[in-house]
>>> print(open('entry-v6.cif').read())   # mmCIF, C-alpha atoms
data_run
#
loop_
_atom_site.group_PDB
_atom_site.id
_atom_site.type_symbol
_atom_site.label_atom_id
_atom_site.label_comp_id
_atom_site.auth_asym_id
_atom_site.auth_seq_id
_atom_site.Cartn_x
_atom_site.Cartn_y
_atom_site.Cartn_z
ATOM 1 C CA PHE U 357 0.000 0.000 0.000
ATOM 2 C CA PRO U 358 1.262 3.529 -0.685
ATOM 3 C CA SER U 359 2.487 5.826 2.040
ATOM 4 C CA LEU U 360 -0.227 8.093 3.351
ATOM 5 C CA GLY U 361 1.898 11.127 3.913
ATOM 6 C CA PHE U 362 3.395 10.770 7.406
ATOM 7 C CA CYS U 363 6.755 12.492 7.735
ATOM 8 C CA GLY U 364 9.807 10.762 9.151
ATOM 9 C CA LYS U 365 9.372 7.335 10.757
ATOM 10 C CA THR U 366 6.142 5.443 10.298
ATOM 11 C CA PRO U 367 4.152 5.815 13.544
ATOM 12 C CA SER U 368 3.675 2.731 15.710
ATOM 13 C CA LEU U 369 0.418 0.823 15.470
ATOM 14 C CA ASN U 370 -0.621 2.021 18.930
ATOM 15 C CA ALA U 371 0.048 5.639 17.986
ATOM 16 C CA LEU U 372 -1.915 5.252 14.778
ATOM 17 C CA ILE U 373 -4.905 3.758 16.572
ATOM 18 C CA LYS U 374 -4.744 6.548 19.164
ATOM 19 C CA ASP U 375 -4.831 9.140 16.381
ATOM 20 C CA CYS U 376 -7.612 7.242 14.649
ATOM 21 C CA ASN U 377 -9.732 7.123 17.789
ATOM 22 C CA GLY U 378 -9.287 10.806 18.631
ATOM 23 C CA ILE U 379 -12.429 12.644 19.705
ATOM 24 C CA PHE U 380 -12.727 14.629 16.481
ATOM 25 C CA LEU U 381 -11.106 12.003 14.220
ATOM 26 C CA SER U 382 -8.840 14.733 12.871
ATOM 27 C CA LYS U 383 -6.392 12.192 11.429
ATOM 28 C CA PRO U 384 -8.511 9.689 9.461
ATOM 29 C CA GLU U 385 -5.437 8.778 7.387
ATOM 30 C CA ALA U 386 -4.106 7.126 10.550
ATOM 31 C CA CYS U 387 -7.095 4.779 10.483
ATOM 32 C CA ALA U 388 -6.245 3.663 6.957
ATOM 33 C CA THR U 389 -2.570 3.159 7.797
ATOM 34 C CA ALA U 390 -3.413 1.124 10.900
ATOM 35 C CA GLY U 391 -5.843 -0.881 8.781
ATOM 36 C CA ASP U 392 -3.043 -1.591 6.301
ATOM 37 C CA ILE U 393 -0.860 -3.004 9.084
ATOM 38 C CA TYR U 394 -3.586 -5.368 10.233
ATOM 39 C CA TYR U 395 -4.525 -6.335 6.661
ATOM 40 C CA GLU U 396 -0.946 -7.093 5.706
ATOM 41 C CA ASN U 397 -0.790 -9.399 8.745
ATOM 42 C CA TRP U 398 -3.946 -11.273 7.691
ATOM 43 C CA ASN U 399 -6.146 -9.720 10.377
ATOM 44 C CA ASN U 400 -9.103 -8.537 8.311
ATOM 45 C CA HIS U 401 -11.367 -8.487 11.360
ATOM 46 C CA ALA U 402 -9.254 -5.763 13.012
ATOM 47 C CA ALA U 403 -8.593 -3.939 9.729
ATOM 48 C CA LYS U 404 -12.237 -3.589 8.717
ATOM 49 C CA PRO U 405 -13.477 -1.004 11.293
ATOM 50 C CA LEU U 406 -10.336 1.091 10.790
ATOM 51 C CA TYR U 407 -10.809 1.145 7.036
ATOM 52 C CA GLN U 408 -14.498 1.905 7.584
ATOM 53 C CA LYS U 409 -13.685 5.005 9.639
ATOM 54 C CA ALA U 410 -11.196 6.235 7.070
ATOM 55 C CA CYS U 411 -13.522 5.645 4.140
ATOM 56 C CA GLU U 412 -16.395 7.441 5.866
ATOM 57 C CA LYS U 413 -14.065 10.454 6.110
ATOM 58 C CA ASN U 414 -13.319 10.201 2.388
ATOM 59 C CA VAL U 415 -9.808 8.819 2.715
ATOM 60 C CA SER U 416 -9.540 6.910 -0.560
ATOM 61 C CA ALA U 417 -6.972 4.428 0.773
ATOM 62 C CA GLY U 418 -9.490 3.456 3.450
ATOM 63 C CA CYS U 419 -12.119 2.743 0.790
ATOM 64 C CA VAL U 420 -9.687 0.602 -1.195
ATOM 65 C CA GLY U 421 -8.691 -1.328 1.924
ATOM 66 C CA LEU U 422 -12.305 -1.848 2.930
ATOM 67 C CA GLY U 423 -13.037 -3.034 -0.598
ATOM 68 C CA LEU U 424 -10.262 -5.615 -0.310
ATOM 69 C CA VAL U 425 -11.697 -6.856 2.976
ATOM 70 C CA TYR U 426 -15.140 -7.258 1.389
ATOM 71 C CA ARG U 427 -13.606 -8.946 -1.649
ATOM 72 C CA ASP U 428 -11.792 -11.420 0.587
ATOM 73 C CA ALA U 429 -15.156 -12.177 2.188
ATOM 74 C CA SER U 430 -16.645 -12.844 -1.292
ATOM 75 C CA LYS U 431 -18.896 -9.776 -1.034
ATOM 76 C CA TYR U 432 -17.922 -8.679 -4.505
ATOM 77 C CA GLU U 433 -20.616 -6.126 -5.289
ATOM 78 C CA LYS U 434 -19.833 -4.179 -2.105
ATOM 79 C CA ALA U 435 -16.122 -4.401 -2.900
ATOM 80 C CA PHE U 436 -16.739 -3.016 -6.387
ATOM 81 C CA GLU U 437 -18.769 -0.133 -4.953
ATOM 82 C CA LEU U 438 -15.921 0.801 -2.616
ATOM 83 C CA PHE U 439 -13.234 0.525 -5.294
ATOM 84 C CA LYS U 440 -15.336 2.771 -7.539
ATOM 85 C CA LYS U 441 -15.727 5.317 -4.724
ATOM 86 C CA ALA U 442 -11.954 5.387 -4.234
ATOM 87 C CA CYS U 443 -11.361 5.752 -7.964
ATOM 88 C CA ASP U 444 -13.831 8.634 -8.124
ATOM 89 C CA MET U 445 -11.707 10.328 -5.460
ATOM 90 C CA GLY U 446 -8.667 9.982 -7.713
ATOM 91 C CA ASP U 447 -7.097 6.895 -6.154
ATOM 92 C CA SER U 448 -5.006 5.033 -8.740
ATOM 93 C CA LEU U 449 -5.218 1.715 -6.883
ATOM 94 C CA GLY U 450 -8.978 2.064 -6.647
ATOM 95 C CA CYS U 451 -9.159 2.577 -10.421
ATOM 96 C CA MET U 452 -7.001 -0.473 -11.021
ATOM 97 C CA GLN U 453 -9.245 -2.606 -8.810
ATOM 98 C CA VAL U 454 -12.314 -1.390 -10.721
ATOM 99 C CA GLY U 455 -10.540 -2.463 -13.900
ATOM 100 C CA ILE U 456 -9.911 -5.910 -12.451
ATOM 101 C CA CYS U 457 -13.567 -6.219 -11.477
ATOM 102 C CA TYR U 458 -14.724 -5.388 -14.996
ATOM 103 C CA ASN U 459 -12.058 -7.581 -16.583
ATOM 104 C CA LEU U 460 -12.928 -10.669 -14.531
ATOM 105 C CA GLY U 461 -16.612 -10.009 -13.880
ATOM 106 C CA ILE U 462 -16.138 -9.657 -10.113
ATOM 107 C CA GLY U 463 -18.923 -7.608 -8.524
ATOM 108 C CA ALA U 464 -19.847 -6.211 -11.941
ATOM 109 C CA LEU U 465 -20.738 -7.568 -15.355
ATOM 110 C CA THR U 466 -17.697 -8.417 -17.456
ATOM 111 C CA ASP U 467 -16.896 -5.468 -19.705
ATOM 112 C CA VAL U 468 -13.412 -5.532 -21.204
ATOM 113 C CA LYS U 469 -13.804 -2.067 -22.738
ATOM 114 C CA LYS U 470 -14.514 -0.568 -19.313
ATOM 115 C CA ALA U 471 -11.683 -2.652 -17.852
ATOM 116 C CA PHE U 472 -9.330 -1.141 -20.430
ATOM 117 C CA ASP U 473 -10.571 2.378 -19.623
ATOM 118 C CA PHE U 474 -10.019 1.973 -15.875
ATOM 119 C CA PHE U 475 -6.586 0.389 -16.307
ATOM 120 C CA LYS U 476 -5.683 3.351 -18.507
ATOM 121 C CA LEU U 477 -6.977 5.788 -15.879
ATOM 122 C CA SER U 478 -5.015 3.986 -13.165
ATOM 123 C CA CYS U 479 -1.862 4.133 -15.279
ATOM 124 C CA GLU U 480 -2.355 7.819 -16.000
ATOM 125 C CA LYS U 481 -2.593 8.410 -12.243
ATOM 126 C CA GLY U 482 0.786 6.747 -11.744
ATOM 127 C CA ASN U 483 -0.030 3.160 -10.761
ATOM 128 C CA ALA U 484 2.565 0.683 -12.062
ATOM 129 C CA ASN U 485 0.189 -2.285 -11.827
ATOM 130 C CA GLY U 486 -2.368 -0.302 -13.799
ATOM 131 C CA CYS U 487 0.194 0.287 -16.566
ATOM 132 C CA ASP U 488 1.100 -3.412 -16.553
ATOM 133 C CA SER U 489 -2.563 -4.384 -16.876
ATOM 134 C CA LEU U 490 -3.030 -1.825 -19.649
ATOM 135 C CA ALA U 491 -0.097 -3.360 -21.519
ATOM 136 C CA GLU U 492 -1.685 -6.815 -21.144
ATOM 137 C CA MET U 493 -4.910 -5.529 -22.674
ATOM 138 C CA TYR U 494 -3.006 -4.162 -25.669
ATOM 139 C CA LEU U 495 -0.998 -7.374 -26.021
ATOM 140 C CA GLU U 496 -4.081 -9.603 -25.921
ATOM 141 C CA GLY U 497 -6.427 -7.235 -27.774
ATOM 142 C CA ARG U 498 -8.916 -7.101 -24.903
ATOM 143 C CA GLY U 499 -11.120 -4.023 -24.936
ATOM 144 C CA VAL U 500 -8.889 -2.458 -27.583
ATOM 145 C CA ASP U 501 -7.287 -3.403 -30.890
ATOM 146 C CA LYS U 502 -4.252 -5.613 -30.414
ATOM 147 C CA ASN U 503 -1.131 -3.464 -30.525
ATOM 148 C CA GLU U 504 2.243 -4.860 -29.514
ATOM 149 C CA THR U 505 3.898 -1.450 -29.859
ATOM 150 C CA GLU U 506 1.540 0.061 -27.266
ATOM 151 C CA ALA U 507 1.950 -2.995 -25.057
ATOM 152 C CA THR U 508 5.708 -2.566 -25.152
ATOM 153 C CA LYS U 509 5.392 1.134 -24.324
ATOM 154 C CA PHE U 510 3.292 0.536 -21.226
ATOM 155 C CA TYR U 511 5.367 -2.417 -20.014
ATOM 156 C CA LYS U 512 8.357 -0.063 -20.208
ATOM 157 C CA LYS U 513 6.474 2.647 -18.305
ATOM 158 C CA SER U 514 5.459 0.172 -15.593
ATOM 159 C CA CYS U 515 9.021 -1.125 -15.411
ATOM 160 C CA GLU U 516 10.350 2.404 -14.961
ATOM 161 C CA MET U 517 7.930 2.780 -12.044
ATOM 162 C CA GLY U 518 9.612 -0.197 -10.376
ATOM 163 C CA PHE U 519 7.309 -3.119 -11.248
ATOM 164 C CA ASP U 520 9.754 -5.971 -11.880
ATOM 165 C CA TYR U 521 7.330 -8.260 -13.717
ATOM 166 C CA SER U 522 6.776 -5.551 -16.314
ATOM 167 C CA CYS U 523 10.528 -5.291 -16.813
ATOM 168 C CA THR U 524 10.655 -8.987 -17.662
ATOM 169 C CA LYS U 525 7.731 -8.675 -20.080
ATOM 170 C CA TYR U 526 9.297 -5.622 -21.709
ATOM 171 C CA LYS U 527 12.598 -7.409 -22.200
ATOM 172 C CA ARG U 528 10.790 -10.454 -23.581
ATOM 173 C CA LEU U 529 9.017 -8.333 -26.192
ATOM 174 C CA THR U 530 12.111 -6.345 -27.147
ATOM 175 C CA HIS U 531 14.640 -9.204 -26.781
ATOM 176 C CA THR U 532 16.836 -7.035 -24.550
ATOM 177 C CA PHE U 533 17.678 -9.309 -21.629
ATOM 178 C CA GLU U 534 20.702 -8.484 -19.491
ATOM 179 C CA PRO U 535 23.400 -11.166 -18.999
ATOM 180 C CA PHE U 536 22.400 -13.935 -16.592
ATOM 181 C CA GLU U 537 25.239 -13.044 -14.232
ATOM 182 C CA ASP U 538 23.924 -9.480 -13.873
ATOM 183 C CA GLN U 539 20.397 -10.675 -13.207
ATOM 184 C CA MET U 540 21.633 -13.138 -10.573
ATOM 185 C CA ASP U 541 23.476 -10.279 -8.868
ATOM 186 C CA GLU U 542 20.239 -8.283 -8.867
ATOM 187 C CA CYS U 543 18.409 -11.225 -7.301
ATOM 188 C CA LYS U 544 20.904 -11.311 -4.439
ATOM 189 C CA LYS U 545 20.132 -7.634 -3.682
ATOM 190 C CA LYS U 546 16.391 -8.206 -3.214
ATOM 191 C CA ARG U 547 15.195 -7.299 0.268
ATOM 192 C CA THR U 548 12.965 -10.261 1.122
ATOM 193 C CA GLU U 549 13.215 -13.997 0.585
ATOM 194 C CA SER U 550 9.974 -13.853 -1.395
ATOM 195 C CA GLU U 551 11.408 -11.239 -3.778
ATOM 196 C CA LYS U 552 14.599 -13.270 -4.151
ATOM 197 C CA SER U 553 12.597 -16.416 -4.877
ATOM 198 C CA ASP U 554 10.536 -14.647 -7.551
ATOM 199 C CA CYS U 555 13.695 -13.247 -9.118
ATOM 200 C CA TYR U 556 15.468 -16.630 -9.243
ATOM 201 C CA TYR U 557 12.302 -18.196 -10.668
ATOM 202 C CA ASP U 558 12.375 -15.636 -13.485
ATOM 203 C CA VAL U 559 16.007 -16.535 -14.209
ATOM 204 C CA ALA U 560 15.038 -20.212 -14.380
ATOM 205 C CA LEU U 561 12.231 -19.405 -16.813
ATOM 206 C CA ARG U 562 14.683 -17.526 -19.005
ATOM 207 C CA TYR U 563 16.929 -20.568 -19.149
ATOM 208 C CA ALA U 564 13.970 -22.800 -19.956
ATOM 209 C CA ARG U 565 12.816 -20.492 -22.763
ATOM 210 C CA GLY U 566 16.286 -19.824 -24.081
ATOM 211 C CA GLU U 567 15.857 -16.073 -23.584
ATOM 212 C CA GLY U 568 19.216 -14.325 -23.744
ATOM 213 C CA VAL U 569 21.071 -17.642 -23.968
ATOM 214 C CA GLN U 570 24.130 -17.429 -26.188
ATOM 215 C CA GLU U 571 23.979 -19.738 -29.195
#
>>> encode(input="entry-v6.cif", output="structure tokens")
Amino acid sequence: FPSLGFCGKTPSLNALIKDCNGIFLSKPEACATAGDIYYENWNNHAAKPLYQKACEKNVSAGCVGLGLVYRDASKYEKAFELFKKACDMGDSLGCMQVGICYNLGIGALTDVKKAFDFFKLSCEKGNANGCDSLAEMYLEGRGVDKNETEATKFYKKSCEMGFDYSCTKYKRLTHTFEPFEDQMDECKKKRTESEKSDCYYDVALRYARGEGVQE
């Protein structure tokens, strides 16, 4: 989840909840941030009321988080409503989630044209996943005429925003893979074991597909 604008160190969970529960709820962003902490630790029950408070105060991140909680509970129509509310407030992640709903028919009727439009809106608002999804739509010709050039452009844009999977897709389309040794070095620099595992898996796929392998 994106940072919600706190300066310096991220406040502790207790401090966030204290700010959230203030008499005048003058810091509703704290509710959303506390909700994120609970959600990321698989505690949707604790996250839900915090997201609810934030969303009621028109904090878009709270609406997105609440939508995710409802989606996890298979209450898809409510989730879609909340994602749409967040998107209407200008939230790029909310717009991307609306696109996913339309693309997969989750909480809304499947409409690939609308999915394309919301992925585009998300990308325009600076969401790397939105740009990646937009590229996929161009590559597959879903909701738009198939266009590999546009797909390549948006994979590159997503990659430049830091979305590693888009970098791989961009390199696959343009045949511009870096040497295996360099990619392995990059894998070693990943922060978490999960990120390292994903990176090494991508290297293995490259070997299997013969991508960048010297003849």
>>> closest_residue(input="entry-v6.cif", among="U:Lys404, U:Lys544, U:Lys525, U:Arg498", to="Lys512 of chain U", atoms="only C-alpha atoms")
U:Lys525
>>> closest_residue(input="entry-v6.cif", among="U:Asp428, U:Glu412, U:Glu506, U:Glu542", to="Asp558 of chain U", atoms="only C-alpha atoms")
U:Glu542
>>> resolve_selection(input="entry-v6.cif", expression="the PyMOL selection byres ((chain U and resi 457) around 10)", output="VMD selection string")
chain U and resid 432 to 433 435 to 436 439 to 440 451 to 456 458 to 468 470 to 471 474
>>> resolve_selection(input="entry-v6.cif", expression="the PyMOL selection byres ((chain U and resi 524) around 12)", output="ChimeraX atom specification")
/U:488,508,511-512,514-516,518-523,525-534,539,554-555,557-559,561-562,567-568
>>> write_last_selection(input="entry-v6.cif", atoms="C-alpha atoms", output="tab-separated table (two decimals), in the coordinates of the input")
chain	number	residue	atom	x	y	z
U	488	ASP	CA	1.10	-3.41	-16.55
U	508	THR	CA	5.71	-2.57	-25.15
U	511	TYR	CA	5.37	-2.42	-20.01
U	512	LYS	CA	8.36	-0.06	-20.21
U	514	SER	CA	5.46	0.17	-15.59
U	515	CYS	CA	9.02	-1.12	-15.41
U	516	GLU	CA	10.35	2.40	-14.96
U	518	GLY	CA	9.61	-0.20	-10.38
U	519	PHE	CA	7.31	-3.12	-11.25
U	520	ASP	CA	9.75	-5.97	-11.88
U	521	TYR	CA	7.33	-8.26	-13.72
U	522	SER	CA	6.78	-5.55	-16.31
U	523	CYS	CA	10.53	-5.29	-16.81
U	525	LYS	CA	7.73	-8.68	-20.08
U	526	TYR	CA	9.30	-5.62	-21.71
U	527	LYS	CA	12.60	-7.41	-22.20
U	528	ARG	CA	10.79	-10.45	-23.58
U	529	LEU	CA	9.02	-8.33	-26.19
U	530	THR	CA	12.11	-6.34	-27.15
U	531	HIS	CA	14.64	-9.20	-26.78
U	532	THR	CA	16.84	-7.04	-24.55
U	533	PHE	CA	17.68	-9.31	-21.63
U	534	GLU	CA	20.70	-8.48	-19.49
U	539	GLN	CA	20.40	-10.68	-13.21
U	554	ASP	CA	10.54	-14.65	-7.55
U	555	CYS	CA	13.70	-13.25	-9.12
U	557	TYR	CA	12.30	-18.20	-10.67
U	558	ASP	CA	12.38	-15.64	-13.48
U	559	VAL	CA	16.01	-16.54	-14.21
U	561	LEU	CA	12.23	-19.40	-16.81
U	562	ARG	CA	14.68	-17.53	-19.00
U	567	GLU	CA	15.86	-16.07	-23.58
U	568	GLY	CA	19.22	-14.32	-23.74
>>> atom_distance(input="entry-v6.cif", atom1="atom CA of Met493 of chain U", atom2="atom CA of Lys441 of chain U")
23.6 Å
>>> residues_around(input="entry-v6.cif", residues="Gly391 of chain U", least_positions_apart="6", cutoff="10 Å", atoms="all atoms listed in the file", output="JSON, numbers by chain")
{"U": [369, 372, 373, 385, 397, 399, 400, 401, 402, 403, 404, 405, 406, 407, 408, 409, 410, 417, 418, 421, 422]}
>>> residues_around(input="entry-v6.cif", residues="Asp501 of chain U", least_positions_apart="5", cutoff="12 Å", atoms="only C-alpha atoms", output="VMD selection string")
chain U and resid 468 to 469 472 491 to 496 506 to 507
>>> atom_distance(input="entry-v6.cif", atom1="atom CA of Asp392 of chain U", atom2="atom CA of Gly423 of chain U")
12.2 Å
>>> atom_distance(input="entry-v6.cif", atom1="atom CA of Ala484 of chain U", atom2="atom CA of Pro535 of chain U")
25.0 Å
